[in-house]
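J.: Input structure.tsv, format and content: TSV, C-alpha atoms.
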chain	number	residue	atom	x	y	z
J	13	MET	CA	-6.33	-36.58	58.11
J	14	HIS	CA	-9.75	-36.64	56.36
J	15	ARG	CA	-11.93	-39.72	56.06
J	16	ILE	CA	-12.70	-40.78	52.53
J	17	GLY	CA	-16.25	-41.74	51.63
J	18	ARG	CA	-19.62	-40.99	53.19
J	19	SER	CA	-20.56	-41.61	56.80
J	20	LEU	CA	-23.09	-44.35	57.52
J	21	PRO	CA	-25.96	-41.90	58.22
J	22	ALA	CA	-25.28	-40.04	54.96
J	23	SER	CA	-25.26	-43.33	53.05
J	24	MET	CA	-28.54	-44.34	54.68
J	25	LEU	CA	-30.14	-41.01	53.76
J	26	LEU	CA	-29.01	-41.40	50.14
J	27	SER	CA	-30.32	-44.94	50.10
J	28	LEU	CA	-33.71	-43.83	51.46
J	29	ARG	CA	-33.84	-41.00	48.92
J	30	ASP	CA	-33.03	-43.44	46.10
J	31	ARG	CA	-35.79	-45.79	47.30
J	32	ARG	CA	-38.29	-42.92	47.37
J	33	MET	CA	-37.27	-41.92	43.85
J	34	GLN	CA	-37.59	-45.52	42.63
J	35	LYS	CA	-41.08	-45.76	44.15
J	36	ALA	CA	-42.07	-42.45	42.57
J	37	ASN	CA	-40.74	-43.59	39.18
J	38	ALA	CA	-42.56	-46.93	39.52
J	39	ALA	CA	-45.80	-45.10	40.37
J	40	ALA	CA	-45.34	-42.83	37.35
J	41	LEU	CA	-44.73	-45.83	35.11
J	42	LYS	CA	-47.83	-47.56	36.51
J	43	THR	CA	-49.92	-44.46	35.84
J	44	THR	CA	-48.57	-44.31	32.29
J	45	ALA	CA	-49.24	-48.00	31.79
J	46	THR	CA	-52.87	-47.64	32.85
J	47	THR	CA	-53.46	-44.98	30.20
J	48	GLY	CA	-51.84	-46.98	27.38
J	49	THR	CA	-52.16	-50.46	25.94
J	50	LEU	CA	-50.02	-53.23	27.37
J	51	VAL	CA	-48.99	-55.74	24.69
J	52	ALA	CA	-47.11	-58.97	25.39
J	53	SER	CA	-45.84	-62.11	23.71
J	54	TYR	CA	-45.27	-65.36	25.63
J	55	ASN	CA	-44.03	-68.74	24.43
J	56	VAL	CA	-45.70	-70.99	27.01
J	57	HIS	CA	-43.68	-74.05	25.84
J	58	LYS	CA	-46.73	-76.33	26.12
J	59	CYS	CA	-47.08	-75.22	29.78
J	60	ILE	CA	-43.79	-76.89	30.73
J	61	GLY	CA	-41.52	-74.70	32.85
J	62	VAL	CA	-37.75	-74.67	33.23
J	63	ASP	CA	-38.29	-77.21	36.05
J	64	ARG	CA	-39.68	-79.57	33.34
J	65	LYS	CA	-43.06	-79.72	35.08
J	66	PHE	CA	-46.31	-79.48	33.13
J	67	ASP	CA	-48.27	-76.79	34.96
J	68	PRO	CA	-51.03	-74.91	33.08
J	69	GLU	CA	-52.06	-73.25	36.37
J	70	ARG	CA	-48.65	-71.59	36.59
J	71	THR	CA	-48.95	-70.38	32.99
J	72	ILE	CA	-52.30	-68.75	33.80
J	73	ARG	CA	-50.77	-67.13	36.90
J	74	VAL	CA	-47.98	-65.63	34.77
J	75	ILE	CA	-50.47	-64.23	32.24
J	76	ARG	CA	-52.57	-62.82	35.09
J	77	GLU	CA	-49.46	-61.16	36.56
J	78	ILE	CA	-48.53	-59.60	33.20
J	79	ASP	CA	-52.12	-58.30	32.95
J	80	PRO	CA	-51.89	-57.45	29.23
J	81	ASP	CA	-54.53	-55.82	27.07
J	82	LEU	CA	-53.33	-57.98	24.16
J	83	ILE	CA	-51.13	-61.06	24.26
J	84	ALA	CA	-49.82	-63.51	21.66
J	85	LEU	CA	-49.14	-67.01	22.97
J	86	GLN	CA	-46.99	-69.59	21.25
J	87	GLU	CA	-47.05	-73.37	21.82
J	88	ALA	CA	-50.45	-73.21	23.54
J	89	ASP	CA	-51.50	-76.53	21.94
J	90	ASN	CA	-50.02	-80.00	21.92
J	91	ARG	CA	-47.85	-80.33	18.84
J	92	PHE	CA	-48.78	-83.91	17.97
J	93	GLY	CA	-51.88	-86.07	17.99
J	94	ASP	CA	-55.14	-84.17	18.42
J	95	ARG	CA	-53.23	-80.91	19.07
J	96	ASN	CA	-55.38	-80.30	22.15
J	97	GLY	CA	-55.37	-76.85	23.71
J	98	LEU	CA	-53.52	-76.82	27.02
J	99	LEU	CA	-55.03	-73.83	28.82
J	100	ASP	CA	-58.38	-73.37	30.51
J	101	LEU	CA	-59.50	-70.46	28.31
J	102	PRO	CA	-62.86	-69.87	30.08
J	103	ARG	CA	-61.00	-69.58	33.40
J	104	LEU	CA	-58.42	-67.28	31.81
J	105	GLU	CA	-61.25	-65.05	30.59
J	106	ARG	CA	-62.88	-64.99	34.03
J	107	GLU	CA	-59.63	-64.09	35.77
J	108	THR	CA	-58.11	-61.69	33.22
J	109	GLY	CA	-60.84	-60.59	30.82
J	110	LEU	CA	-58.80	-61.96	27.89
J	111	VAL	CA	-60.72	-63.64	25.08
J	112	PRO	CA	-59.19	-65.44	22.09
J	113	VAL	CA	-59.42	-63.98	18.62
J	114	PRO	CA	-61.77	-66.43	16.87
J	115	ILE	CA	-60.21	-68.60	14.17
J	116	SER	CA	-61.51	-71.34	11.91
J	117	ALA	CA	-62.07	-74.69	13.60
J	118	THR	CA	-58.81	-76.46	14.30
J	119	GLY	CA	-60.08	-79.49	16.20
J	120	LYS	CA	-59.46	-79.34	19.93
J	121	GLY	CA	-56.64	-76.79	19.75
J	122	HIS	CA	-56.79	-73.20	20.96
J	123	GLY	CA	-54.97	-71.64	18.03
J	124	TRP	CA	-53.31	-72.01	14.67
J	125	HIS	CA	-50.09	-74.05	14.84
J	126	GLY	CA	-50.08	-73.27	18.56
J	127	ASN	CA	-50.44	-69.48	18.08
J	128	VAL	CA	-53.22	-67.89	20.11
J	129	LEU	CA	-54.02	-64.18	20.13
J	130	LEU	CA	-56.04	-62.88	23.11
J	131	PHE	CA	-57.37	-59.39	23.84
J	132	LYS	CA	-59.49	-57.64	26.48
J	133	LYS	CA	-61.47	-54.93	24.70
J	134	GLY	CA	-62.15	-54.17	21.10
J	135	VAL	CA	-63.80	-55.45	17.97
J	136	VAL	CA	-62.23	-58.03	15.66
J	137	ARG	CA	-62.66	-56.83	12.08
J	138	ASP	CA	-60.86	-59.61	10.21
J	139	VAL	CA	-58.79	-62.75	10.89
J	140	HIS	CA	-56.54	-64.81	8.63
J	141	GLN	CA	-54.57	-67.95	9.34
J	142	ILE	CA	-51.33	-68.09	7.34
J	143	LYS	CA	-49.35	-71.26	6.80
J	144	LEU	CA	-45.66	-70.39	6.84
J	145	PRO	CA	-43.14	-72.21	4.59
J	146	GLY	CA	-40.44	-74.48	5.97
J	147	LEU	CA	-39.73	-78.04	7.07
J	148	GLU	CA	-41.68	-77.77	10.33
J	149	PRO	CA	-45.40	-76.97	10.47
J	150	ARG	CA	-45.49	-73.27	11.33
J	151	GLY	CA	-48.12	-70.57	11.04
J	152	ALA	CA	-49.20	-67.03	11.82
J	153	VAL	CA	-52.48	-65.47	12.90
J	154	VAL	CA	-53.23	-62.09	11.31
J	155	ALA	CA	-56.02	-60.12	12.98
J	156	GLU	CA	-57.37	-56.64	12.46
J	157	ILE	CA	-58.75	-55.30	15.75
J	158	ASP	CA	-60.22	-51.97	16.84
J	159	LEU	CA	-58.63	-51.91	20.30
J	160	ASP	CA	-59.70	-48.40	21.30
J	161	GLY	CA	-62.78	-48.07	19.14
J	162	SER	CA	-61.19	-45.54	16.80
J	163	GLN	CA	-58.33	-47.04	14.79
J	164	THR	CA	-57.87	-50.54	13.46
J	165	LEU	CA	-54.57	-52.21	14.26
J	166	ARG	CA	-53.24	-55.18	12.34
J	167	ILE	CA	-51.59	-57.76	14.60
J	168	ILE	CA	-49.45	-60.58	13.26
J	169	ALA	CA	-48.80	-63.34	15.80
J	170	ALA	CA	-46.20	-65.81	14.55
J	171	HIS	CA	-43.80	-68.50	15.71
J	172	LEU	CA	-40.89	-68.87	13.31
J	173	GLY	CA	-38.97	-72.10	12.80
J	174	LEU	CA	-35.74	-73.41	14.27
J	175	LEU	CA	-33.86	-73.65	10.97
J	176	ARG	CA	-32.30	-70.45	9.65
J	177	ARG	CA	-33.34	-71.10	6.03
J	178	SER	CA	-36.95	-71.68	7.11
J	179	ARG	CA	-36.93	-68.55	9.27
J	180	SER	CA	-35.68	-66.51	6.34
J	181	GLN	CA	-38.54	-67.77	4.13
J	182	GLN	CA	-41.06	-67.21	6.92
J	183	ALA	CA	-39.78	-63.70	7.60
J	184	ARG	CA	-40.27	-62.82	3.92
J	185	VAL	CA	-43.92	-63.93	4.12
J	186	VAL	CA	-44.45	-61.87	7.28
J	187	LEU	CA	-42.78	-58.80	5.73
J	188	ASP	CA	-45.04	-59.12	2.69
J	189	LEU	CA	-48.04	-59.12	5.05
J	190	MET	CA	-46.72	-56.02	6.78
J	191	ASN	CA	-46.12	-54.22	3.48
J	192	SER	CA	-49.72	-54.36	2.29
J	193	PRO	CA	-50.82	-51.19	0.45
J	194	ASP	CA	-53.48	-50.04	2.94
J	195	GLU	CA	-50.80	-48.60	5.30
J	196	ARG	CA	-52.62	-49.87	8.37
J	197	PRO	CA	-50.52	-49.76	11.56
J	198	THR	CA	-49.13	-53.26	12.08
J	199	LEU	CA	-47.72	-54.94	15.17
J	200	LEU	CA	-45.63	-58.12	14.92
J	201	LEU	CA	-45.65	-60.38	17.97
J	202	GLY	CA	-44.30	-63.84	18.55
J	203	ASP	CA	-41.29	-66.06	18.95
J	204	LEU	CA	-38.79	-65.37	16.16
J	205	ASN	CA	-36.30	-68.03	17.38
J	206	GLU	CA	-33.28	-65.78	16.84
J	207	TRP	CA	-31.67	-66.50	20.20
J	208	ARG	CA	-29.03	-69.09	19.26
J	209	LEU	CA	-25.32	-68.37	19.34
J	210	GLY	CA	-22.92	-69.76	16.76
J	211	ASN	CA	-23.96	-72.00	13.87
J	212	ARG	CA	-26.16	-74.51	15.67
J	213	LEU	CA	-29.41	-75.38	13.89
J	214	SER	CA	-28.57	-72.93	11.11
Just give me the structure as structure tokens.

T.:
Amino acid sequence: MHRIGRSLPASMLLSLRDRRMQKANAAALKTTATTGTLVASYNVHKCIGVDRKFDPERTIRVIREIDPDLIALQEADNRFGDRNGLLDLPRLERETGLVPVPISATGKGHGWHGNVLLFKKGVVRDVHQIKLPGLEPRGAVVAEIDLDGSQTLRIIAAHLGLLRRSRSQQARVVLDLMNSPDERPTLLLGDLNEWRLGNRLS
């Protein structure tokens, strides 16, 4: 009678081999990542986590862990009142090298309708703040940045609304921005709010 399956030592060897392969693949991915540009989008939810605690320090730790070259943040400002910015941007720059794309004065807030676009290296060629249609106050930041010193990339950082009809209108505005005749490479980042199941808030 033959035993079915692998012996314990054979299973251990396969497991060790798999671990070595995973480490090698992770190292290859890390090497690839260091030669490219890491782009991220993060809705910080006014620095309130799933534990319902307001913790800007934790938000900065997450951004530091992501270590992006370019990141779009949503809900980085208070929504009501003075719309104060919620992050310590000078500290974020010291710890990550990320600086915000400059926008027109918006009081004490970091961004435009809570949208903040940060990058490490490059030259900002142009910035526009777009007010998006809909029942809620929503907006997009459109920036043209030379990230690698050779080609200008257009970045659209947006946070679309909760209502389907508003999102549809806002998406049309964003698509029009992306379809401009200069054929510049364009990257859309943000929270599109298309995560709901069923007909809620539609």

J.: Restricting the calculation to all atoms listed in the file, which member of J:Ile60, J:Leu165, J:Leu104, J:Ala170 is positioned closest to Ile72 (chain J)?

T.: J:Leu104

J.: CA of Trp124 (chain J) to CA of Asp63 (chain J): how many Å, to one decimal?

T.: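 About the pair CA of Trp124 (chain J) and CA of Asp63 (chain J): they are 26.6 Å apart.
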
J.: Up to 10 Å from (-46.0, -79.2, 25.8) in the file's coordinates: name the residues, counting all atoms listed in the file, as a PyMOL selection string.

T.: chain J and resi 56-61+64-68+87-92+97-98

J.: So what do you get for CA of Ile78 (chain J) versus CA of Pro197 (chain J), distance-wise?

T.: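 Interatomic distance, CA of Ile78 (chain J) to CA of Pro197 (chain J): 23.9 Å.
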
J.: Could you tell me how far CA of Pro80 (chain J) lies from CA of Ala52 (chain J), in Å and to one decimal?

T.: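 Computed distance, CA of Pro80 (chain J) to CA of Ala52 (chain J), equals 6.3 Å.
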
J.: With distances taken over all atoms listed in the file, which of J:Gln163, J:Gln141, J:Thr71, J:Gln181 is nearest to Gly126 (chain J)?

T.: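 Looking at the shortest contact to Gly126 (chain J), the residue is J:Gln141.
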
J.: Got a sec: who's within 12 Å of Ile75 (chain J), counting only C-alpha atoms, leaving out chain neighbours fewer than 2 positions off, as a PyMOL selection string?

T.: chain J and resi 51-56+59+68-73+77-85+99+101+103-105+107-110+130-131

J.: Which residue is closest to Leu50 (chain J)? Choose from J:Leu159, J:Ala152, J:Val135, J:Ile115 and count only C-alpha atoms.

T.: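 Checking each of J:Leu159, J:Ala152, J:Val135, J:Ile115 against Leu50 (chain J), counting only C-alpha atoms, the winner is J:Leu159.
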